[in-house]
Amino acid sequence: MTTFWILIALVVLVGLVLIWIPHFRQQKGLAKAEDVRQSTNLALYKERLANLELELANQSLDQTEFDALKAELELSLLQDIKQGGKASAGLNKNSRSLAWPLLMSVMLLAVTAFMYHRLGAFEELANPPVANNPHAGMNPEQLMAQRLKMMEAAVAAEPENSQAWFSLGHAYISAGQYDKAMTAFDKVMALVGTYAEMLGPKATALYYKNDQQMTPEVQALIDQALALDPKDPSTLLLVGMDAFFSSDFTKAVTAWETILTSDRPDVDREALANAIATARMRMQDSGAIPNDETHRPTAQVSELTVTVSVKPELATQVQASDTLFVFARTTDGERIPLAVTKVKADAMPLTVKLDDSSAMSSDHKLSGAKVVDVIALLSKSGTVRPQTGDLQGRVASVKPGEQIQLMLDVQVQ
């Protein structure tokens, strides 16, 4: 029987190798081609930018011309990247899809299973011996006790391991051993210093020890933690939870929203959002806030819908070959472009959308701005630099999420 198992395993292994290796080679080749294309585009961009900087240094260009040409060069790079992505998507679509090797693998495994069913010990395979489970028959309390023993053994072996003590402290809270939890967090602070990350959990342990009562000792720990870090998640969670249980839903929402809007990576944002929604519902039920559109929470929107039209007196200046650039930029002195799109001006009016997918830089996006200026340029030459005869329009101080009407009402002289 062992020989038969080995034979089947070899057949399956060889079959899978013959099926998947050509597929992975093809995918690797496509990825390599895409990398080469992107590297070439980036190299050309850097070379052209260096030439522009050299012309600026030689005073062949003034700063305004340099900025306009640089923006045009960046826009061309963005268009090349988008067009390359579409071409790669088409190439991947036309290449051998994943369905073929998957189908072959399933057929191979099905044939192998059929052979074993007909020739092998199928009954033994269908009723394998049950492996010994060291946790079989244990209830949650017994499992927690075993986990605590393991963690206690770990800190006994490495008494200077602050992370082990910190994890043990949280485990003690879960097990309801609050005195031991506070001792563990004190040990962590003795090793690494006093931080809000330890004071918050210690305050939580003391809070539960006192039957979920906000005693002066608990409040003192909370005040100390928030003085060190006003956005500490563990402390604000406790503040929000106590406020919620005390029916102070406004305070609970404020505390939880402070966590939600922070940049802390180890936060369960979905759970916080659900808790905030529950607190808001309680506020409405209790009459703390009115249930109308003004007071309902709204999600942050990072998209602009722009309908571009042309002034009737200038309508004869629009041609089908013209190129329309629409972009949003910051309103401060730097006026950094945040989103840009380029379309053919086949007909007016037309509607375009600006969002983070049309950002020119990963560091500057529409979602990060509160107010922007929206500018449209109808270019005869196909470049973003305004030239004589081009049409321009602008709307200032627009909030992301709005739908705006923008008219091309100025002809560049």
# chains A, B, ... in the order shown; residues from 1 in each chain; ligands from 1

$ residues_around --residues "range 403-405 of chain A" --least-positions-apart "3" --cutoff "12 Å" --atoms "only C-alpha atoms" --output "compact mmCIF listing (two decimals) with N, CA, C and O atoms, in the first residue's frame"
# COMPACT_ATOMS: atom_id res chain seq x y z
N VAL A 301 -16.42 62.46 1.34
CA VAL A 301 -16.46 62.23 -0.09
C VAL A 301 -15.22 62.86 -0.72
O VAL A 301 -14.84 63.98 -0.38
N SER A 302 -14.58 62.19 -1.61
CA SER A 302 -13.36 62.68 -2.24
C SER A 302 -13.51 62.62 -3.75
O SER A 302 -12.62 62.14 -4.44
N GLU A 303 -14.63 63.11 -4.26
CA GLU A 303 -14.88 63.08 -5.69
C GLU A 303 -15.56 64.39 -6.09
O GLU A 303 -16.39 64.93 -5.37
N LEU A 304 -15.17 64.92 -7.25
CA LEU A 304 -15.77 66.12 -7.79
C LEU A 304 -16.39 65.80 -9.15
O LEU A 304 -15.74 65.18 -9.99
N THR A 305 -17.63 66.19 -9.34
CA THR A 305 -18.29 66.05 -10.63
C THR A 305 -18.37 67.44 -11.27
O THR A 305 -18.98 68.35 -10.70
N VAL A 306 -17.73 67.58 -12.42
CA VAL A 306 -17.61 68.89 -13.05
C VAL A 306 -18.28 68.84 -14.43
O VAL A 306 -17.90 68.03 -15.28
N THR A 307 -19.27 69.69 -14.62
CA THR A 307 -19.92 69.84 -15.93
C THR A 307 -19.35 71.08 -16.59
O THR A 307 -19.50 72.20 -16.07
N VAL A 308 -18.68 70.89 -17.72
CA VAL A 308 -17.99 71.98 -18.41
C VAL A 308 -18.83 72.41 -19.61
O VAL A 308 -19.23 71.58 -20.44
N SER A 309 -19.09 73.70 -19.70
CA SER A 309 -19.79 74.29 -20.84
C SER A 309 -18.96 75.45 -21.36
O SER A 309 -17.95 75.84 -20.77
N VAL A 310 -19.40 76.03 -22.48
CA VAL A 310 -18.66 77.12 -23.08
C VAL A 310 -19.59 78.33 -23.21
O VAL A 310 -20.80 78.20 -23.45
N PRO A 349 -22.18 70.82 -23.58
CA PRO A 349 -21.37 70.60 -22.37
C PRO A 349 -21.02 69.12 -22.19
O PRO A 349 -21.69 68.25 -22.74
N LEU A 350 -20.00 68.85 -21.39
CA LEU A 350 -19.64 67.48 -21.03
C LEU A 350 -19.29 67.42 -19.56
O LEU A 350 -18.94 68.43 -18.95
N THR A 351 -19.41 66.22 -18.99
CA THR A 351 -19.20 66.04 -17.54
C THR A 351 -18.03 65.11 -17.30
O THR A 351 -17.91 64.06 -17.93
N VAL A 352 -17.15 65.51 -16.39
CA VAL A 352 -15.99 64.69 -16.00
C VAL A 352 -15.98 64.56 -14.48
O VAL A 352 -16.61 65.34 -13.77
N LYS A 353 -15.26 63.55 -14.02
CA LYS A 353 -15.14 63.32 -12.58
C LYS A 353 -13.66 63.34 -12.19
O LYS A 353 -12.82 62.79 -12.89
N LEU A 354 -13.39 63.98 -11.06
CA LEU A 354 -12.06 64.03 -10.50
C LEU A 354 -12.08 63.30 -9.16
O LEU A 354 -12.94 63.56 -8.32
N ASP A 373 -9.47 74.69 -5.91
CA ASP A 373 -9.86 75.45 -7.09
C ASP A 373 -9.94 74.49 -8.27
O ASP A 373 -9.07 73.63 -8.43
N VAL A 374 -10.99 74.61 -9.08
CA VAL A 374 -11.16 73.76 -10.25
C VAL A 374 -10.99 74.62 -11.50
O VAL A 374 -11.61 75.67 -11.64
N ILE A 375 -10.11 74.17 -12.40
CA ILE A 375 -9.76 74.94 -13.59
C ILE A 375 -9.94 74.04 -14.81
O ILE A 375 -9.60 72.85 -14.78
N ALA A 376 -10.47 74.61 -15.89
CA ALA A 376 -10.61 73.90 -17.16
C ALA A 376 -9.89 74.69 -18.24
O ALA A 376 -9.95 75.92 -18.27
N GLY A 393 -11.60 78.44 -17.97
CA GLY A 393 -12.66 78.71 -17.00
C GLY A 393 -12.20 78.27 -15.63
O GLY A 393 -11.31 77.42 -15.51
N ARG A 394 -12.79 78.83 -14.59
CA ARG A 394 -12.33 78.52 -13.23
C ARG A 394 -13.47 78.70 -12.24
O ARG A 394 -14.30 79.61 -12.36
N VAL A 395 -13.50 77.79 -11.22
CA VAL A 395 -14.39 77.92 -10.07
C VAL A 395 -13.53 77.80 -8.82
O VAL A 395 -12.79 76.81 -8.65
N ALA A 396 -13.59 78.79 -7.96
CA ALA A 396 -12.73 78.82 -6.77
C ALA A 396 -13.46 78.28 -5.55
O ALA A 396 -14.70 78.31 -5.46
N SER A 397 -12.64 77.77 -4.60
CA SER A 397 -13.12 77.35 -3.28
C SER A 397 -14.25 76.33 -3.37
O SER A 397 -15.38 76.56 -2.92
N VAL A 398 -13.94 75.18 -3.95
CA VAL A 398 -14.92 74.10 -4.10
C VAL A 398 -14.60 73.01 -3.07
O VAL A 398 -13.43 72.65 -2.88
N LYS A 399 -15.61 72.47 -2.43
CA LYS A 399 -15.43 71.39 -1.47
C LYS A 399 -15.57 70.04 -2.19
O LYS A 399 -16.50 69.87 -2.98
N PRO A 400 -14.63 69.09 -1.96
CA PRO A 400 -14.78 67.76 -2.55
C PRO A 400 -16.12 67.14 -2.20
O PRO A 400 -16.59 67.23 -1.07
N LEU A 408 -16.32 77.81 -19.69
CA LEU A 408 -15.15 78.35 -20.37
C LEU A 408 -15.54 79.73 -20.90
O LEU A 408 -16.23 79.86 -21.90

$ atom_distance --atom1 "CA of Gln213 in chain A" --atom2 "CA of Gly240 in chain A"
13.3 Å

$ closest_residue --among "A:Glu53, A:Gln212, A:Ala9, A:Asp223" --to "Met241 in chain A" --atoms "only C-alpha atoms"
A:Gln212

$ select_by_dssp --residues "range 205-263 of chain A" --states "alpha helix (DSSP H)" --output "MDAnalysis selection string"
chainID A and resid 205:209 216:228 233:245 249:260

$ residues_around --residues "Gly382 in chain A" --least-positions-apart "5" --cutoff "12 Å" --atoms "only C-alpha atoms" --output "number ranges by chain"
A: 72, 75-76, 320-325, 342-345, 377, 387, 390

$ closest_residue --among "A:Thr278, A:Gln224, A:Ser381, A:Gln219" --to "Phe244 in chain A" --atoms "only C-alpha atoms"
A:Thr278

$ select_by_dssp --residues "range 168-389 of chain A" --states "strand (DSSP E)" --output "MDAnalysis selection string"
chainID A and resid 304:310 323:330 337:344 350:354 372:379

$ write_last_selection --atoms "N, CA and C atoms" --output "compact mmCIF listing (two decimals), in the first residue's frame"
# COMPACT_ATOMS: atom_id res chain seq x y z
N LEU A 304 -15.17 64.92 -7.25
CA LEU A 304 -15.77 66.12 -7.79
C LEU A 304 -16.39 65.80 -9.15
N THR A 305 -17.63 66.19 -9.34
CA THR A 305 -18.29 66.05 -10.63
C THR A 305 -18.37 67.44 -11.27
N VAL A 306 -17.73 67.58 -12.42
CA VAL A 306 -17.61 68.89 -13.05
C VAL A 306 -18.28 68.84 -14.43
N THR A 307 -19.27 69.69 -14.62
CA THR A 307 -19.92 69.84 -15.93
C THR A 307 -19.35 71.08 -16.59
N VAL A 308 -18.68 70.89 -17.72
CA VAL A 308 -17.99 71.98 -18.41
C VAL A 308 -18.83 72.41 -19.61
N SER A 309 -19.09 73.70 -19.70
CA SER A 309 -19.79 74.29 -20.84
C SER A 309 -18.96 75.45 -21.36
N VAL A 310 -19.40 76.03 -22.48
CA VAL A 310 -18.66 77.12 -23.08
C VAL A 310 -19.59 78.33 -23.21
N THR A 323 -8.50 69.61 -27.11
CA THR A 323 -8.32 68.78 -25.91
C THR A 323 -8.73 69.57 -24.68
N LEU A 324 -9.53 68.95 -23.83
CA LEU A 324 -9.99 69.61 -22.61
C LEU A 324 -9.25 69.04 -21.41
N PHE A 325 -8.58 69.92 -20.67
CA PHE A 325 -7.94 69.55 -19.41
C PHE A 325 -8.78 70.12 -18.27
N VAL A 326 -9.10 69.28 -17.29
CA VAL A 326 -9.81 69.72 -16.09
C VAL A 326 -9.01 69.25 -14.89
N PHE A 327 -8.64 70.18 -14.02
CA PHE A 327 -7.85 69.77 -12.87
C PHE A 327 -8.24 70.57 -11.64
N ALA A 328 -8.02 69.93 -10.48
CA ALA A 328 -8.24 70.56 -9.17
C ALA A 328 -6.90 70.77 -8.51
N ARG A 329 -6.74 71.93 -7.87
CA ARG A 329 -5.47 72.22 -7.21
C ARG A 329 -5.72 72.91 -5.88
N THR A 330 -4.71 72.91 -5.05
CA THR A 330 -4.84 73.54 -3.74
C THR A 330 -5.03 75.04 -3.88
N PRO A 337 -1.30 70.63 -7.98
CA PRO A 337 -2.37 69.86 -8.64
C PRO A 337 -2.67 68.59 -7.85
N LEU A 338 -3.94 68.35 -7.56
CA LEU A 338 -4.36 67.18 -6.80
C LEU A 338 -5.01 66.12 -7.68
N ALA A 339 -5.68 66.53 -8.75
CA ALA A 339 -6.33 65.58 -9.66
C ALA A 339 -6.46 66.26 -11.02
N VAL A 340 -6.30 65.46 -12.07
CA VAL A 340 -6.37 66.02 -13.42
C VAL A 340 -6.92 64.97 -14.37
N THR A 341 -7.68 65.41 -15.35
CA THR A 341 -8.18 64.51 -16.38
C THR A 341 -8.07 65.21 -17.72
N LYS A 342 -7.98 64.41 -18.76
CA LYS A 342 -7.78 64.92 -20.12
C LYS A 342 -8.73 64.18 -21.05
N VAL A 343 -9.58 64.93 -21.76
CA VAL A 343 -10.56 64.31 -22.66
C VAL A 343 -10.63 65.12 -23.95
N LYS A 344 -11.17 64.50 -24.98
CA LYS A 344 -11.40 65.18 -26.25
C LYS A 344 -12.70 66.00 -26.15
N LEU A 350 -20.00 68.85 -21.39
CA LEU A 350 -19.64 67.48 -21.03
C LEU A 350 -19.29 67.42 -19.56
N THR A 351 -19.41 66.22 -18.99
CA THR A 351 -19.20 66.04 -17.54
C THR A 351 -18.03 65.11 -17.30
N VAL A 352 -17.15 65.51 -16.39
CA VAL A 352 -15.99 64.69 -16.00
C VAL A 352 -15.98 64.56 -14.48
N LYS A 353 -15.26 63.55 -14.02
CA LYS A 353 -15.14 63.32 -12.58
C LYS A 353 -13.66 63.34 -12.19
N LEU A 354 -13.39 63.98 -11.06
CA LEU A 354 -12.06 64.03 -10.50
C LEU A 354 -12.08 63.30 -9.16
N VAL A 372 -10.70 73.26 -2.81
CA VAL A 372 -9.82 73.29 -3.97
C VAL A 372 -10.35 74.30 -4.98
N ASP A 373 -9.47 74.69 -5.91
CA ASP A 373 -9.86 75.45 -7.09
C ASP A 373 -9.94 74.49 -8.27
N VAL A 374 -10.99 74.61 -9.08
CA VAL A 374 -11.16 73.76 -10.25
C VAL A 374 -10.99 74.62 -11.50
N ILE A 375 -10.11 74.17 -12.40
CA ILE A 375 -9.76 74.94 -13.59
C ILE A 375 -9.94 74.04 -14.81
N ALA A 376 -10.47 74.61 -15.89
CA ALA A 376 -10.61 73.90 -17.16
C ALA A 376 -9.89 74.69 -18.24
N LEU A 377 -9.21 73.97 -19.13
CA LEU A 377 -8.49 74.59 -20.25
C LEU A 377 -8.82 73.83 -21.52
N LEU A 378 -9.39 74.52 -22.49
CA LEU A 378 -9.64 73.93 -23.81
C LEU A 378 -8.45 74.29 -24.69
N SER A 379 -7.59 73.29 -24.93
CA SER A 379 -6.32 73.52 -25.61
C SER A 379 -6.42 73.19 -27.09

$ residues_around --residues "range 260-271 of chain A" --least-positions-apart "5" --cutoff "9 Å" --atoms "only C-alpha atoms" --output "PyMOL selection string"
chain A and resi 231-233+255+276

$ atom_distance --atom1 "CA of Lys202 in chain A" --atom2 "CA of Met182 in chain A"
5.3 Å

$ residues_around --residues "Tyr45 in chain A" --least-positions-apart "5" --cutoff "9 Å" --atoms "only C-alpha atoms" --output "VMD selection string"
chain A and resid 40 50 73 to 74 76 to 77

$ residues_around --residues "Leu314 in chain A" --least-positions-apart "5" --cutoff "10 Å" --atoms "only C-alpha atoms" --output "list of chain:residue names"
A:Leu391, A:Leu408, A:Asp409, A:Val410, A:Gln411

$ residues_around --residues "range 62-67 of chain A" --least-positions-apart "6" --cutoff "9 Å" --atoms "only C-alpha atoms" --output "PyMOL selection string"
chain A and resi 52-53+55-56+385

$ write_last_selection --atoms "all heavy atoms" --output "PDB file, in the first residue's frame"
ATOM      1  N   LEU A  52      14.685  70.052 -18.996  1.00  0.00           N
ATOM      2  CA  LEU A  52      13.964  71.256 -18.609  1.00  0.00           C
ATOM      3  C   LEU A  52      14.696  72.006 -17.496  1.00  0.00           C
ATOM      4  O   LEU A  52      14.790  73.236 -17.515  1.00  0.00           O
ATOM      5  CB  LEU A  52      12.554  70.892 -18.139  1.00  0.00           C
ATOM      6  CG  LEU A  52      11.570  70.411 -19.222  1.00  0.00           C
ATOM      7  CD1 LEU A  52      10.235  70.049 -18.585  1.00  0.00           C
ATOM      8  CD2 LEU A  52      11.370  71.482 -20.279  1.00  0.00           C
ATOM      9  N   GLU A  53      15.221  71.268 -16.523  1.00  0.00           N
ATOM     10  CA  GLU A  53      15.954  71.915 -15.434  1.00  0.00           C
ATOM     11  C   GLU A  53      17.220  72.581 -15.954  1.00  0.00           C
ATOM     12  O   GLU A  53      17.618  73.646 -15.474  1.00  0.00           O
ATOM     13  CB  GLU A  53      16.281  70.884 -14.359  1.00  0.00           C
ATOM     14  CG  GLU A  53      15.054  70.374 -13.604  1.00  0.00           C
ATOM     15  CD  GLU A  53      15.370  69.241 -12.655  1.00  0.00           C
ATOM     16  OE1 GLU A  53      16.452  68.640 -12.809  1.00  0.00           O
ATOM     17  OE2 GLU A  53      14.529  68.943 -11.783  1.00  0.00           O
ATOM     18  N   GLU A  55      17.575  73.820 -19.027  1.00  0.00           N
ATOM     19  CA  GLU A  55      17.143  75.028 -19.718  1.00  0.00           C
ATOM     20  C   GLU A  55      16.755  76.121 -18.731  1.00  0.00           C
ATOM     21  O   GLU A  55      17.005  77.308 -18.982  1.00  0.00           O
ATOM     22  CB  GLU A  55      15.954  74.702 -20.623  1.00  0.00           C
ATOM     23  CG  GLU A  55      16.320  73.809 -21.815  1.00  0.00           C
ATOM     24  CD  GLU A  55      15.120  73.532 -22.695  1.00  0.00           C
ATOM     25  OE1 GLU A  55      14.082  74.182 -22.513  1.00  0.00           O
ATOM     26  OE2 GLU A  55      15.254  72.680 -23.585  1.00  0.00           O
ATOM     27  N   LEU A  56      16.181  75.741 -17.600  1.00  0.00           N
ATOM     28  CA  LEU A  56      15.857  76.720 -16.576  1.00  0.00           C
ATOM     29  C   LEU A  56      17.122  77.327 -15.986  1.00  0.00           C
ATOM     30  O   LEU A  56      17.207  78.537 -15.770  1.00  0.00           O
ATOM     31  CB  LEU A  56      15.021  76.056 -15.475  1.00  0.00           C
ATOM     32  CG  LEU A  56      14.623  76.955 -14.297  1.00  0.00           C
ATOM     33  CD1 LEU A  56      13.718  78.083 -14.800  1.00  0.00           C
ATOM     34  CD2 LEU A  56      13.937  76.148 -13.204  1.00  0.00           C
ATOM     35  N   ARG A 385      -0.200  73.811 -21.251  1.00  0.00           N
ATOM     36  CA  ARG A 385       0.266  75.191 -21.147  1.00  0.00           C
ATOM     37  C   ARG A 385      -0.647  76.107 -21.969  1.00  0.00           C
ATOM     38  O   ARG A 385      -0.801  75.922 -23.183  1.00  0.00           O
ATOM     39  CB  ARG A 385       1.699  75.295 -21.657  1.00  0.00           C
ATOM     40  CG  ARG A 385       2.282  76.700 -21.572  1.00  0.00           C
ATOM     41  CD  ARG A 385       3.675  76.699 -22.159  1.00  0.00           C
ATOM     42  NE  ARG A 385       4.268  78.026 -22.122  1.00  0.00           N
ATOM     43  CZ  ARG A 385       5.449  78.328 -22.651  1.00  0.00           C
ATOM     44  NH1 ARG A 385       6.151  77.380 -23.266  1.00  0.00           N
ATOM     45  NH2 ARG A 385       5.932  79.551 -22.567  1.00  0.00           N
TER      46      ARG A 385
END

$ closest_residue --among "A:Leu103, A:Val371, A:Val188, A:Ala315" --to "Ala347 in chain A" --atoms "only C-alpha atoms"
A:Ala315
